[in-house]
Amino acid sequence: MGDITGDLTQQAYAGAVFDGSAGLGANTSRESWVFGSTDDRDNNSSAMVELYDKGGFVPLKAETIYIVDCKRAGHLVWRERFTNLVTTAGLTKLVDSAFGTGNTTPTWFLGFLAADPEPVFDITDQMDSHEGWEEEILYTEETRPAFVPGTAAAGAIDNGLNRAVFHIDEGVTAIAGFFLADESTKEGGTGTLYGEGVFSGGVRQVEEGDILRVAATIQLT
């Protein structure tokens, strides 16, 4: 399974943790925005914003849920469901798109994580700097397949009606998971790395001729 390093409890927008105790009502102790809190499910991590008061906290969590089907000769040979770590760069892009520059026509792409070396994630990973993992490019598509979402609703958006498709073109090999970035070039090191995650069931084997269909749900909960 992929490991996660870095400060996951005090990652905040622009590197700051905001203490809003001054000027708050008498029943509120403080307000704190914390990115990168861990999520034990599927051994990955999700970014989290937590709003604290004397009555407890309400977490706002950003995560991507993947469902991957692998078919061989028309038959389903395995299926994976897992979540991924949302990077600091991904969170910054999300906030900037909604409240800053307004990236109204974003284009995102999915890529494979190689199984060797075993992926190790860091909240600060970027497309030009991710020492803990490598990309696998063993599929026939000339570029990374696009993430083509439908309509956003209930704090989520997904490509369930238009899954990303990968056609495996080499001999038996293994993959560890997926990442999401806004750069289409295979092994490209530019653009924004939104998130990265490994399969919950461990490394998966694929063979020449296999077809992988990938549904991804990006959500805030």
# chains A, B, ... in the order shown; residues from 1 in each chain; ligands from 1
call {"tool": "select_by_dssp", "arguments": {"residues": "region 41-155 of chain A", "states": "alpha helix (DSSP H)", "output": "compact mmCIF listing (two decimals) with C-alpha atoms, in the first residue's frame"}}
result
# COMPACT_ATOMS: atom_id res chain seq x y z
CA THR A 88 -2.18 20.94 -1.48
CA ALA A 89 -1.79 21.97 -5.14
CA GLY A 90 -5.16 20.38 -5.90
CA LEU A 91 -6.85 22.22 -3.05
CA THR A 92 -5.32 25.50 -4.17
CA LYS A 93 -6.58 24.90 -7.72
CA LEU A 94 -10.05 24.13 -6.37
CA VAL A 95 -10.22 27.31 -4.30
CA ASP A 96 -8.74 29.46 -7.07
CA SER A 97 -11.19 28.11 -9.65
CA ALA A 98 -14.20 28.80 -7.46
CA PHE A 99 -13.18 32.06 -5.79
call {"tool": "residues_around", "arguments": {"residues": "Phe166 (chain A)", "least_positions_apart": "4", "cutoff": "9 Å", "atoms": "only C-alpha atoms", "output": "PyMOL selection string"}}
result
chain A and resi 139-141+144-145+210-214
call {"tool": "atom_distance", "arguments": {"atom1": "CA of Asp128 (chain A)", "atom2": "CA of Gly189 (chain A)"}}
result
4.5 Å
call {"tool": "residues_around", "arguments": {"residues": "region 197-204 of chain A", "least_positions_apart": "3", "cutoff": "12 Å", "atoms": "only C-alpha atoms", "output": "CSV table (one decimal) with C-alpha atoms, in the first residue's frame"}}
result
chain,number,residue,atom,x,y,z
A,1,MET,CA,0.0,0.0,0.0
A,2,GLY,CA,1.1,3.6,-0.6
A,3,ASP,CA,2.4,5.5,2.4
A,4,ILE,CA,1.6,9.1,3.1
A,40,ASP,CA,-8.1,5.6,7.2
A,41,ARG,CA,-10.5,4.2,4.6
A,42,ASP,CA,-8.6,2.4,1.8
A,43,ASN,CA,-5.3,3.5,3.2
A,44,ASN,CA,-5.4,6.8,1.4
A,45,SER,CA,-5.9,10.3,2.7
A,46,SER,CA,-8.4,13.1,2.1
A,63,GLU,CA,-11.8,13.4,-1.8
A,64,THR,CA,-12.0,11.5,-5.1
A,65,ILE,CA,-13.6,8.1,-5.2
A,66,TYR,CA,-12.5,5.8,-7.9
A,67,ILE,CA,-14.3,2.7,-9.3
A,68,VAL,CA,-12.1,0.7,-11.7
A,69,ASP,CA,-13.3,-2.3,-13.8
A,70,CYS,CA,-10.9,-4.5,-15.6
A,77,VAL,CA,-11.8,-10.0,-14.0
A,78,TRP,CA,-11.5,-7.5,-11.1
A,79,ARG,CA,-13.0,-4.3,-9.7
A,80,GLU,CA,-11.5,-1.8,-7.3
A,81,ARG,CA,-13.1,1.0,-5.3
A,82,PHE,CA,-10.8,3.4,-3.5
A,83,THR,CA,-10.3,7.0,-2.4
A,84,ASN,CA,-7.3,9.2,-3.0
A,85,LEU,CA,-5.2,11.9,-1.3
A,86,VAL,CA,-6.0,15.4,-2.5
A,87,THR,CA,-2.8,17.4,-2.7
A,110,LEU,CA,-6.3,10.2,-15.5
A,111,GLY,CA,-3.0,8.3,-15.3
A,112,PHE,CA,-1.7,5.0,-13.9
A,113,LEU,CA,0.6,4.7,-10.9
A,114,ALA,CA,3.4,2.2,-11.4
A,115,ALA,CA,3.6,-0.7,-8.9
A,116,ASP,CA,7.4,-0.5,-8.7
A,117,PRO,CA,8.5,1.3,-6.8
A,118,GLU,CA,5.7,1.1,-4.3
A,119,PRO,CA,4.0,4.5,-4.3
A,120,VAL,CA,4.6,6.8,-1.4
A,121,PHE,CA,2.5,10.0,-1.3
A,122,ASP,CA,3.1,13.4,0.2
A,123,ILE,CA,0.5,16.2,0.6
A,133,TRP,CA,6.0,7.3,-7.2
A,172,VAL,CA,1.5,-9.0,-18.1
A,173,THR,CA,2.4,-6.2,-15.7
A,174,ALA,CA,1.1,-4.5,-12.5
A,175,ILE,CA,-0.4,-1.2,-11.6
A,176,ALA,CA,-0.9,0.4,-8.2
A,177,GLY,CA,-3.5,3.0,-8.6
A,178,PHE,CA,-4.4,6.3,-10.4
A,179,PHE,CA,-3.7,10.0,-10.3
A,180,LEU,CA,-5.7,13.0,-11.6
A,193,LEU,CA,-1.6,17.3,-9.7
A,194,TYR,CA,-5.1,17.2,-8.1
A,207,GLU,CA,-2.5,-8.2,-19.4
A,212,LEU,CA,-9.9,-0.7,-17.9
A,216,ALA,CA,-14.1,9.0,-10.6
call {"tool": "closest_residue", "arguments": {"among": "A:Glu196, A:Asp158, A:Asp125, A:Glu183", "to": "Thr217 (chain A)", "atoms": "only C-alpha atoms"}}
result
A:Asp158
